[in-house]
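Chemist: Below you'll find entry.pdb; it's PDB, C-alpha atoms, pLDDT in the B column.
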ATOM      1  CA  MET A   1     158.989 149.095 173.901  1.00 40.00           C
ATOM      2  CA  ASP A   2     158.373 149.780 170.212  1.00 44.00           C
ATOM      3  CA  PRO A   3     161.356 148.840 168.050  1.00 46.00           C
ATOM      4  CA  GLY A   4     162.788 151.641 165.961  1.00 51.00           C
ATOM      5  CA  PRO A   5     163.167 151.482 162.188  1.00 61.00           C
ATOM      6  CA  HIS A   6     166.741 150.213 162.483  1.00 71.00           C
ATOM      7  CA  THR A   7     166.113 147.428 165.005  1.00 75.00           C
ATOM      8  CA  CYS A   8     164.857 143.861 164.845  1.00 76.00           C
ATOM      9  CA  ARG A   9     161.111 143.621 165.469  1.00 79.00           C
ATOM     10  CA  ARG A  10     161.601 140.505 167.605  1.00 81.00           C
ATOM     11  CA  CYS A  11     164.542 141.363 169.847  1.00 83.00           C
ATOM     12  CA  ASN A  12     165.249 145.083 169.264  1.00 79.00           C
ATOM     13  CA  ALA A  13     168.838 144.286 168.263  1.00 77.00           C
ATOM     14  CA  PRO A  14     170.323 146.755 165.793  1.00 75.00           C
ATOM     15  CA  LEU A  15     169.887 145.601 162.202  1.00 73.00           C
ATOM     16  CA  PHE A  16     172.756 147.688 160.917  1.00 70.00           C
ATOM     17  CA  GLU A  17     175.185 150.335 161.987  1.00 69.00           C
ATOM     18  CA  ILE A  18     175.027 153.779 160.513  1.00 70.00           C
ATOM     19  CA  PRO A  19     178.232 155.686 161.148  1.00 67.00           C
ATOM     20  CA  GLU A  20     177.795 159.055 162.767  1.00 74.00           C
ATOM     21  CA  PRO A  21     177.698 161.488 159.871  1.00 76.00           C
ATOM     22  CA  ILE A  22     180.469 164.018 159.559  1.00 79.00           C
ATOM     23  CA  ARG A  23     178.672 167.244 158.827  1.00 81.00           C
ATOM     24  CA  THR A  24     181.234 169.885 159.662  1.00 89.00           C
ATOM     25  CA  SER A  25     183.858 171.136 157.282  1.00 92.00           C
ATOM     26  CA  PRO A  26     187.016 172.886 158.430  1.00 93.00           C
ATOM     27  CA  VAL A  27     186.522 175.303 155.515  1.00 94.00           C
ATOM     28  CA  PRO A  28     182.781 175.795 154.908  1.00 92.00           C
ATOM     29  CA  ASP A  29     183.369 179.205 153.343  1.00 94.00           C
ATOM     30  CA  VAL A  30     185.763 177.753 150.735  1.00 94.00           C
ATOM     31  CA  LEU A  31     183.845 174.538 150.055  1.00 91.00           C
ATOM     32  CA  GLY A  32     182.028 174.691 146.730  1.00 91.00           C
ATOM     33  CA  THR A  33     184.098 177.568 145.412  1.00 94.00           C
ATOM     34  CA  ASN A  34     187.230 177.766 143.305  1.00 94.00           C
ATOM     35  CA  SER A  35     189.102 179.474 146.123  1.00 94.00           C
ATOM     36  CA  VAL A  36     192.273 177.971 147.525  1.00 95.00           C
ATOM     37  CA  PRO A  37     191.951 176.925 151.170  1.00 96.00           C
ATOM     38  CA  PRO A  38     194.275 178.630 153.618  1.00 96.00           C
ATOM     39  CA  PRO A  39     197.477 176.603 154.184  1.00 96.00           C
ATOM     40  CA  SER A  40     196.675 176.410 157.895  1.00 97.00           C
ATOM     41  CA  LYS A  41     193.495 174.431 157.091  1.00 96.00           C
ATOM     42  CA  VAL A  42     195.143 171.855 154.775  1.00 97.00           C
ATOM     43  CA  PRO A  43     195.968 169.369 157.608  1.00 97.00           C
ATOM     44  CA  ALA A  44     192.355 169.556 158.862  1.00 95.00           C
ATOM     45  CA  ILE A  45     191.072 168.980 155.312  1.00 95.00           C
ATOM     46  CA  ARG A  46     193.357 165.950 154.918  1.00 97.00           C
ATOM     47  CA  ASP A  47     192.217 164.614 158.296  1.00 95.00           C
ATOM     48  CA  LEU A  48     188.559 165.003 157.272  1.00 94.00           C
ATOM     49  CA  ILE A  49     189.187 163.229 153.951  1.00 95.00           C
ATOM     50  CA  SER A  50     190.836 160.378 155.875  1.00 94.00           C
ATOM     51  CA  LYS A  51     187.867 160.065 158.287  1.00 91.00           C
ATOM     52  CA  LEU A  52     185.402 160.112 155.405  1.00 92.00           C
ATOM     53  CA  ALA A  53     187.421 157.449 153.575  1.00 93.00           C
ATOM     54  CA  GLU A  54     187.362 155.274 156.723  1.00 90.00           C
ATOM     55  CA  ASN A  55     183.557 155.428 156.890  1.00 88.00           C
ATOM     56  CA  LEU A  56     182.965 154.716 153.211  1.00 90.00           C
ATOM     57  CA  PRO A  57     183.756 150.941 153.196  1.00 92.00           C
ATOM     58  CA  ARG A  58     181.460 150.339 156.191  1.00 88.00           C
ATOM     59  CA  VAL A  59     178.623 152.166 154.485  1.00 88.00           C
ATOM     60  CA  GLU A  60     179.237 150.296 151.217  1.00 92.00           C
ATOM     61  CA  THR A  61     179.271 146.968 153.082  1.00 90.00           C
ATOM     62  CA  GLU A  62     175.975 147.807 154.793  1.00 87.00           C
ATOM     63  CA  LEU A  63     174.483 148.902 151.476  1.00 90.00           C
ATOM     64  CA  ALA A  64     175.485 145.593 149.862  1.00 93.00           C
ATOM     65  CA  ARG A  65     174.030 143.637 152.789  1.00 89.00           C
ATOM     66  CA  MET A  66     170.806 145.625 152.721  1.00 89.00           C
ATOM     67  CA  GLN A  67     170.569 145.280 148.931  1.00 95.00           C
ATOM     68  CA  ALA A  68     170.796 141.506 149.364  1.00 95.00           C
ATOM     69  CA  VAL A  69     167.886 141.705 151.831  1.00 91.00           C
ATOM     70  CA  VAL A  70     165.898 143.876 149.415  1.00 95.00           C
ATOM     71  CA  ASP A  71     166.636 141.436 146.570  1.00 97.00           C
ATOM     72  CA  ARG A  72     165.375 138.515 148.687  1.00 96.00           C
ATOM     73  CA  LEU A  73     162.238 140.450 149.620  1.00 96.00           C
ATOM     74  CA  VAL A  74     161.563 141.357 145.981  1.00 98.00           C
ATOM     75  CA  LEU A  75     161.902 137.681 145.039  1.00 98.00           C
ATOM     76  CA  GLU A  76     159.558 136.676 147.864  1.00 98.00           C
ATOM     77  CA  ARG A  77     157.040 139.350 146.800  1.00 98.00           C
ATOM     78  CA  ASP A  78     157.149 138.166 143.186  1.00 98.00           C
ATOM     79  CA  GLU A  79     156.621 134.551 144.242  1.00 98.00           C
ATOM     80  CA  LEU A  80     153.667 135.559 146.435  1.00 98.00           C
ATOM     81  CA  LYS A  81     152.120 137.565 143.599  1.00 98.00           C
ATOM     82  CA  ASP A  82     152.587 134.684 141.136  1.00 98.00           C
ATOM     83  CA  MET A  83     151.011 132.194 143.511  1.00 98.00           C
ATOM     84  CA  MET A  84     148.151 134.568 144.297  1.00 98.00           C
ATOM     85  CA  GLU A  85     147.517 135.203 140.594  1.00 97.00           C
ATOM     86  CA  GLY A  86     147.620 131.487 139.808  1.00 95.00           C
ATOM     87  CA  HIS A  87     145.037 130.786 142.465  1.00 97.00           C
ATOM     88  CA  ARG A  88     142.866 133.729 141.402  1.00 96.00           C
ATOM     89  CA  ASP A  89     142.905 132.294 137.891  1.00 92.00           C
ATOM     90  CA  LEU A  90     141.334 129.124 139.289  1.00 93.00           C
ATOM     91  CA  LEU A  91     138.228 131.147 140.147  1.00 94.00           C
ATOM     92  CA  THR A  92     137.657 132.835 136.767  1.00 92.00           C
ATOM     93  CA  PRO A  93     134.167 132.364 135.303  1.00 92.00           C
ATOM     94  CA  ALA A  94     135.567 131.111 131.969  1.00 88.00           C
ATOM     95  CA  ARG A  95     136.702 127.920 133.701  1.00 90.00           C
ATOM     96  CA  ALA A  96     133.077 127.100 134.489  1.00 91.00           C
ATOM     97  CA  LEU A  97     131.896 127.248 130.864  1.00 95.00           C
ATOM     98  CA  PRO A  98     130.622 123.845 129.746  1.00 96.00           C
ATOM     99  CA  PRO A  99     132.517 122.119 126.902  1.00 94.00           C
ATOM    100  CA  GLU A 100     129.502 122.407 124.585  1.00 95.00           C
ATOM    101  CA  LEU A 101     129.482 126.194 124.917  1.00 96.00           C
ATOM    102  CA  LEU A 102     133.247 126.410 124.403  1.00 93.00           C
ATOM    103  CA  SER A 103     132.893 124.262 121.268  1.00 93.00           C
ATOM    104  CA  GLN A 104     130.355 126.719 119.872  1.00 93.00           C
ATOM    105  CA  ILE A 105     132.612 129.660 120.709  1.00 91.00           C
ATOM    106  CA  PHE A 106     135.539 127.902 119.014  1.00 89.00           C
ATOM    107  CA  ILE A 107     133.456 127.283 115.878  1.00 87.00           C
ATOM    108  CA  HIS A 108     132.685 131.012 115.699  1.00 85.00           C
ATOM    109  CA  CYS A 109     136.420 131.713 115.827  1.00 81.00           C
ATOM    110  CA  LEU A 110     137.029 129.845 112.559  1.00 76.00           C
ATOM    111  CA  GLU A 111     138.106 131.834 109.557  1.00 68.00           C
ATOM    112  CA  GLU A 112     137.435 130.882 105.969  1.00 66.00           C
ATOM    113  CA  GLU A 113     141.158 130.776 105.147  1.00 65.00           C
ATOM    114  CA  GLU A 114     143.541 127.839 105.311  1.00 64.00           C
ATOM    115  CA  PRO A 115     144.207 126.540 108.837  1.00 58.00           C
ATOM    116  CA  SER A 116     147.331 127.969 110.423  1.00 58.00           C
ATOM    117  CA  ILE A 117     149.127 127.410 113.714  1.00 58.00           C
ATOM    118  CA  ASP A 118     148.471 131.089 114.445  1.00 62.00           C
ATOM    119  CA  ARG A 119     144.684 130.800 114.031  1.00 64.00           C
ATOM    120  CA  ALA A 120     141.773 128.698 115.226  1.00 66.00           C
ATOM    121  CA  PRO A 121     141.519 125.744 115.685  1.00 71.00           C
ATOM    122  CA  LEU A 122     145.240 125.087 116.195  1.00 79.00           C
ATOM    123  CA  LEU A 123     145.770 128.217 118.260  1.00 82.00           C
ATOM    124  CA  LEU A 124     142.839 127.363 120.534  1.00 84.00           C
ATOM    125  CA  GLY A 125     144.348 123.946 121.207  1.00 84.00           C
ATOM    126  CA  ARG A 126     147.523 125.558 122.538  1.00 87.00           C
ATOM    127  CA  VAL A 127     145.800 127.560 125.281  1.00 88.00           C
ATOM    128  CA  CYS A 128     145.444 124.747 127.809  1.00 90.00           C
ATOM    129  CA  ARG A 129     144.801 120.999 128.076  1.00 92.00           C
ATOM    130  CA  ARG A 130     141.071 121.475 128.443  1.00 93.00           C
ATOM    131  CA  TRP A 131     140.777 123.688 125.366  1.00 91.00           C
ATOM    132  CA  ARG A 132     142.939 121.267 123.388  1.00 92.00           C
ATOM    133  CA  SER A 133     140.704 118.386 124.329  1.00 94.00           C
ATOM    134  CA  ILE A 134     137.560 120.354 123.440  1.00 93.00           C
ATOM    135  CA  SER A 135     138.948 121.594 120.126  1.00 90.00           C
ATOM    136  CA  LEU A 136     140.101 118.094 119.135  1.00 91.00           C
ATOM    137  CA  SER A 137     136.694 116.655 119.998  1.00 91.00           C
ATOM    138  CA  THR A 138     134.809 119.273 117.945  1.00 90.00           C
ATOM    139  CA  PRO A 139     134.643 117.867 114.375  1.00 87.00           C
ATOM    140  CA  GLU A 140     133.306 121.151 112.935  1.00 86.00           C
ATOM    141  CA  LEU A 141     136.695 122.747 113.635  1.00 81.00           C
ATOM    142  CA  TRP A 142     138.494 120.288 111.388  1.00 76.00           C
TER     143      TRP A 142
END
What does this structure look like when you write it as structure tokens?

Modeler:
Amino acid sequence: MDPGPHTCRRCNAPLFEIPEPIRTSPVPDVLGTNSVPPPSKVPAIRDLISKLAENLPRVETELARMQAVVDRLVLERDELKDMMEGHRDLLTPARALPPELLSQIFIHCLEEEEPSIDRAPLLLGRVCRRWRSISLSTPELW
């Protein structure tokens, strides 16, 4: 048996309770107007308001519980994406560039102005350990 959208995929137990919606109004012709309801309908209106008020806390509790589940799933998704991205980064072609080639690229990044922490070679040394090591071991940068 295929579990429905509101049941556990493993055991088919209900995941949450949705109260039976109250869709009928004792005064549908007056609802949404500025008309005064007939006095004979006032007790039925009060009874409906009471039933609706009884259902509201259950729905709010379920919403809070489901929001907690959604929040956990969002966190899990973000962690999966971060881990996937980190591992994809391991396979980028730039990681395979030999140090000699990176040194030459770094030298071409030099500007004629005074060295600054926001420019090569100091900026290049802040990218990662490998780039720092290469930039420090390239005398032409200094």

Chemist: Which residue out of A:Leu136, A:Thr7, A:Val69, A:Trp131 has the minimum interatomic distance to Arg95 of chain A when only C-alpha atoms are used?

Modeler: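 The shortest atom-to-atom distance to Arg95 of chain A comes from A:Trp131.
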
Chemist: Suppose you want the space between atom CA of Arg23 of chain A and atom CA of Asn55 of chain A; what is it in Å?

Modeler: 12.9 Å

Chemist: Give me the result of the PyMOL selection byres ((chain A and resi 137) around 12) on this file, residue by residue, as a ChimeraX atom specification.

Modeler: /A:99-100,102-104,106-107,121,125,130-136,138-142

Chemist: Can you measure atom CA of Leu124 of chain A to atom CA of Cys109 of chain A for me? One decimal in Å is fine.

Modeler: 9.1 Å

Chemist: Find the spatial neighbours of His6 of chain A, counting only C-alpha atoms, within a cut-off of 9 Å - ignore same-chain residues fewer than 5 positions away - and output them as an MDAnalysis selection string.

Modeler: chainID A and resid 12:17

Chemist: Quick check, in Å to one decimal: how far apart do atom CA of Val27 of chain A and atom CA of Leu56 of chain A lie?

Modeler: 21.0 Å

Chemist: Could you list the residues chosen by the PyMOL selection byres ((chain A and resi 26) around 9) in this structure as a VMD selection string?

Modeler: chain A and resid 24 to 25 27 to 29 41 to 42 44 to 45 48

Chemist: Add whatever atoms are absent from segment 57-75 of chain A to reach N, CA and C atoms, and provide the output as a PDB file, in the frame of the given file.

Modeler:
ATOM      1  N   PRO A  57     183.900 152.403 153.349  1.00 92.00           N
ATOM      2  CA  PRO A  57     183.756 150.941 153.196  1.00 92.00           C
ATOM      3  C   PRO A  57     182.666 150.342 154.088  1.00 92.00           C
ATOM      4  N   ARG A  58     182.519 150.860 155.307  1.00 88.00           N
ATOM      5  CA  ARG A  58     181.460 150.339 156.191  1.00 88.00           C
ATOM      6  C   ARG A  58     180.084 150.614 155.602  1.00 88.00           C
ATOM      7  N   VAL A  59     179.913 151.812 155.081  1.00 88.00           N
ATOM      8  CA  VAL A  59     178.623 152.166 154.485  1.00 88.00           C
ATOM      9  C   VAL A  59     178.371 151.313 153.244  1.00 88.00           C
ATOM     10  N   GLU A  60     179.396 151.120 152.423  1.00 92.00           N
ATOM     11  CA  GLU A  60     179.237 150.296 151.217  1.00 92.00           C
ATOM     12  C   GLU A  60     178.924 148.849 151.575  1.00 92.00           C
ATOM     13  N   THR A  61     179.555 148.335 152.631  1.00 90.00           N
ATOM     14  CA  THR A  61     179.271 146.968 153.082  1.00 90.00           C
ATOM     15  C   THR A  61     177.821 146.852 153.546  1.00 90.00           C
ATOM     16  N   GLU A  62     177.366 147.816 154.332  1.00 87.00           N
ATOM     17  CA  GLU A  62     175.975 147.807 154.793  1.00 87.00           C
ATOM     18  C   GLU A  62     175.005 147.919 153.620  1.00 87.00           C
ATOM     19  N   LEU A  63     175.339 148.771 152.659  1.00 90.00           N
ATOM     20  CA  LEU A  63     174.483 148.902 151.476  1.00 90.00           C
ATOM     21  C   LEU A  63     174.375 147.575 150.733  1.00 90.00           C
ATOM     22  N   ALA A  64     175.496 146.884 150.565  1.00 93.00           N
ATOM     23  CA  ALA A  64     175.485 145.593 149.862  1.00 93.00           C
ATOM     24  C   ALA A  64     174.644 144.580 150.634  1.00 93.00           C
ATOM     25  N   ARG A  65     174.801 144.568 151.964  1.00 89.00           N
ATOM     26  CA  ARG A  65     174.030 143.637 152.789  1.00 89.00           C
ATOM     27  C   ARG A  65     172.537 143.953 152.703  1.00 89.00           C
ATOM     28  N   MET A  66     172.210 145.226 152.794  1.00 89.00           N
ATOM     29  CA  MET A  66     170.806 145.625 152.721  1.00 89.00           C
ATOM     30  C   MET A  66     170.233 145.371 151.327  1.00 89.00           C
ATOM     31  N   GLN A  67     171.040 145.552 150.291  1.00 95.00           N
ATOM     32  CA  GLN A  67     170.569 145.280 148.931  1.00 95.00           C
ATOM     33  C   GLN A  67     170.253 143.798 148.779  1.00 95.00           C
ATOM     34  N   ALA A  68     171.071 142.945 149.412  1.00 95.00           N
ATOM     35  CA  ALA A  68     170.796 141.506 149.364  1.00 95.00           C
ATOM     36  C   ALA A  68     169.455 141.206 150.038  1.00 95.00           C
ATOM     37  N   VAL A  69     169.172 141.888 151.147  1.00 91.00           N
ATOM     38  CA  VAL A  69     167.886 141.705 151.831  1.00 91.00           C
ATOM     39  C   VAL A  69     166.748 142.180 150.931  1.00 91.00           C
ATOM     40  N   VAL A  70     166.925 143.343 150.319  1.00 95.00           N
ATOM     41  CA  VAL A  70     165.898 143.876 149.415  1.00 95.00           C
ATOM     42  C   VAL A  70     165.674 142.910 148.257  1.00 95.00           C
ATOM     43  N   ASP A  71     166.761 142.384 147.687  1.00 97.00           N
ATOM     44  CA  ASP A  71     166.636 141.436 146.570  1.00 97.00           C
ATOM     45  C   ASP A  71     165.842 140.199 146.985  1.00 97.00           C
ATOM     46  N   ARG A  72     166.121 139.684 148.201  1.00 96.00           N
ATOM     47  CA  ARG A  72     165.375 138.515 148.687  1.00 96.00           C
ATOM     48  C   ARG A  72     163.898 138.854 148.891  1.00 96.00           C
ATOM     49  N   LEU A  73     163.631 140.041 149.412  1.00 96.00           N
ATOM     50  CA  LEU A  73     162.238 140.450 149.620  1.00 96.00           C
ATOM     51  C   LEU A  73     161.505 140.640 148.298  1.00 96.00           C
ATOM     52  N   VAL A  74     162.177 141.187 147.303  1.00 98.00           N
ATOM     53  CA  VAL A  74     161.563 141.357 145.981  1.00 98.00           C
ATOM     54  C   VAL A  74     161.227 139.990 145.397  1.00 98.00           C
ATOM     55  N   LEU A  75     162.149 139.038 145.528  1.00 98.00           N
ATOM     56  CA  LEU A  75     161.902 137.681 145.039  1.00 98.00           C
ATOM     57  C   LEU A  75     160.708 137.059 145.767  1.00 98.00           C
TER      58      LEU A  75
END
